[in-house]
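Quick notes on the structure that follows.
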Amino acid sequence: MDITVENVLKTYGLQRAVDSISFHVKTGEILGFLGPNGAGKTTTMKIITNYMIPDKGVVKIGGKSMPEYANELKRHIGYLPENNPLYDDMPMLDYLEFVAGLQEIPKEKIDERIREMVRVCGLNAEKHKKIGELSKGYKQRVGLAQALIHDPEILILDEPTTGLDPNQIVEIRKLIRELGQHKTVILSTHILPEVEATCDRILIINKGKIVADGTSENLRKQAQGQDMIKAGIKDGDPNEIFKALQELPGSSVVDFIDRNRNRFEIQSKPDHDLAREIFNLCVARKWVITELTPVETKLEDVFRELTMN
């Protein structure tokens, strides 16, 4: 099922937590939802799940609007909130049976679904414990299990890998990728490498407004705008090389990285093949190229640039 958010506004007093945002998530797409603390991510997720009602705007799930069809649509949504509310006094298996009942899973299928969640979420080693006796990582897995137990078509996951160790994070990433083949997933996280490893598309929100929307590769290209190249050039005077690089038609900014080793960082003007110009310069001057490396903008740099203001 697809998700459409249209001009959604939510205010707290004078603060616009979500400021008239619109976006669409296709069926079978994994959307990474990024933003600094207080940007509006969790509020947006609560509105999509009908946990919270917007002041204005509408959310549509499979073409049907919340809250008009809320009771019907919520059956298709699995939600792991940021704070992962669990009943610590309940044994894990009893809790999953309780959640399965709330989700109106037929009684004859409940045991099968619990076994499946124990397997899929890696809970077997701790399955006979009370939830309060579990580590934070295992509690997070129980939270994932309750979100998945009714086999929803949509998953809304707010910081799903919080508290997991590196091995568990890899396992959950793999699980989310597998689920994303036939479910619509919105994943909120502060771990940017996790987004690149897991998500098909990235949405960045800042101060309640969407400031970027695209694949990680496209966002890096948009932020970069111009090529940046690291070059190592020998058999020439560093000052002479520096001046020659500045005079290239496609050169915008030249900086020394290491004067003693004749290493430079050169930023290009738009629509120039800077690497070719540097190569031709060195051939003409009989200088030897020891390095010619494009510098890729990192997702962390894109995120910082878009959310620091």
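Convention: chains lettered A, B, ... in structure tokens order; per-chain residue numbering from 1; ligands numbered from 1 as shown.
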Do you know which residues are at most 8 Å from Phe242 of chain A counting only C-alpha atoms, after dropping those on the same chain fewer than 3 positions away, and could you put them as a ChimeraX atom specification? /A:238-239,245-246,254,256,264
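Within 12 Å of Asp151 of chain A, once only C-alpha atoms are used and residues closer than 2 positions along the same chain are dropped, the contacting residues are Arg75, His76, Ile77, Gly78, Tyr79, Ala100, Gln103, Glu104, Ile105, Lys109, Ile110, Arg113, Ile114, Glu116, Met117, Leu144, Ala145, Gln146, Ala147, Leu148, Ile149, Glu153, Ile154, Leu155, Leu179, His182, Lys183 and Thr184 of chain A.
Compared by their closest atoms to Met66 of chain A, and using only C-alpha atoms, the residues A:Arg259, A:Arg201, A:Arg16, A:Lys46 rank with A:Lys46 nearest.
Of note, atom CA of Asp235 of chain A and atom CA of Trp287 of chain A are spaced 5.4 Å apart.
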Practice item. Using DSSP on the backbone coordinates, identify all residues within segment 147-232 of chain A classified as alpha helix (DSSP H); present the result as number ranges by chain. Key: A: 147-148, 166-179, 192-198, 216-224
Save the residues we just selected, C-alpha atoms, as a CSV table (one decimal), in the first residue's frame?
chain,number,residue,atom,x,y,z
A,147,ALA,CA,4.9,-4.4,14.8
A,148,LEU,CA,5.2,-7.4,12.5
A,166,PRO,CA,26.7,-4.1,15.7
A,167,ASN,CA,25.9,-7.7,14.8
A,168,GLN,CA,22.2,-7.2,15.7
A,169,ILE,CA,22.1,-4.0,13.7
A,170,VAL,CA,23.3,-5.9,10.6
A,171,GLU,CA,20.6,-8.5,11.2
A,172,ILE,CA,17.8,-6.0,11.5
A,173,ARG,CA,19.0,-4.1,8.4
A,174,LYS,CA,18.9,-7.3,6.5
A,175,LEU,CA,15.4,-8.0,7.9
A,176,ILE,CA,14.2,-4.5,6.9
A,177,ARG,CA,15.6,-4.9,3.4
A,178,GLU,CA,13.8,-8.2,3.0
A,179,LEU,CA,10.5,-6.8,4.4
A,192,LEU,CA,23.2,7.8,8.4
A,193,PRO,CA,25.2,4.7,7.2
A,194,GLU,CA,22.2,2.7,8.2
A,195,VAL,CA,20.0,4.8,5.8
A,196,GLU,CA,22.4,4.3,2.9
A,197,ALA,CA,22.6,0.5,3.6
A,198,THR,CA,18.8,0.1,4.0
A,216,SER,CA,21.5,9.2,-1.3
A,217,GLU,CA,23.5,9.4,-4.6
A,218,ASN,CA,21.2,12.2,-5.9
A,219,LEU,CA,21.4,14.1,-2.7
A,220,ARG,CA,25.1,14.0,-2.7
A,221,LYS,CA,25.3,15.2,-6.3
A,222,GLN,CA,22.8,18.1,-5.6
A,223,ALA,CA,24.8,19.2,-2.5
A,224,GLN,CA,28.1,18.9,-4.3
Selection near segment 203-213 of chain A, 8 Å with only C-alpha atoms, sequence-local residues under 4 positions removed, as a PyMOL selection string: chain A and resi 16-21+31-36+38-41+219+303+306-307
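Using only C-alpha atoms, the shortest contact distance between Ile266 of chain A and any of A:Val295, A:Ile53, A:Phe279, A:Lys286 is found at A:Val295.
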Which residues, written as a PDB file with C-alpha atoms, in the first residue's frame, have at least one atom at most 10 Å from Asp94 of chain A, with only C-alpha atoms counted and residues fewer than 3 positions away on the same chain left out?
ATOM      1  CA  MET A  90       4.635  -9.869  31.045  1.00  0.00           C
ATOM      2  CA  PRO A  91       6.528 -12.897  29.743  1.00  0.00           C
ATOM      3  CA  GLU A  97      -0.005 -13.536  22.219  1.00  0.00           C
ATOM      4  CA  PHE A  98      -1.704 -10.477  23.750  1.00  0.00           C
ATOM      5  CA  VAL A  99      -0.675  -8.255  20.816  1.00  0.00           C
ATOM      6  CA  ALA A 100      -1.806 -10.907  18.325  1.00  0.00           C
ATOM      7  CA  ILE A 114       4.436 -16.082  17.424  1.00  0.00           C
ATOM      8  CA  LYS A 127      11.802 -16.249  24.644  1.00  0.00           C
ATOM      9  CA  HIS A 128      10.901 -17.630  28.106  1.00  0.00           C
ATOM     10  CA  LYS A 130       9.795 -11.623  31.206  1.00  0.00           C
ATOM     11  CA  ILE A 131      10.201  -8.493  29.119  1.00  0.00           C
TER      12      ILE A 131
END
Query raised in the report: Per DSSP on the backbone, what are the strand (DSSP E) residues of segment 37-233 of chain A, as a count of residues only?
Result: 41
One decimal place gives the atom CA of Lys269 of chain A-atom CA of Lys234 of chain A separation as 24.3 Å
re atom CA of Lys60 of chain A and atom CA of Ile191 of chain A: distance 28.2 Å
With distances taken over only C-alpha atoms, the candidate from A:Ser251, A:Asn84, A:Thr43, A:Asn50 nearest Tyr12 of chain A is A:Thr43
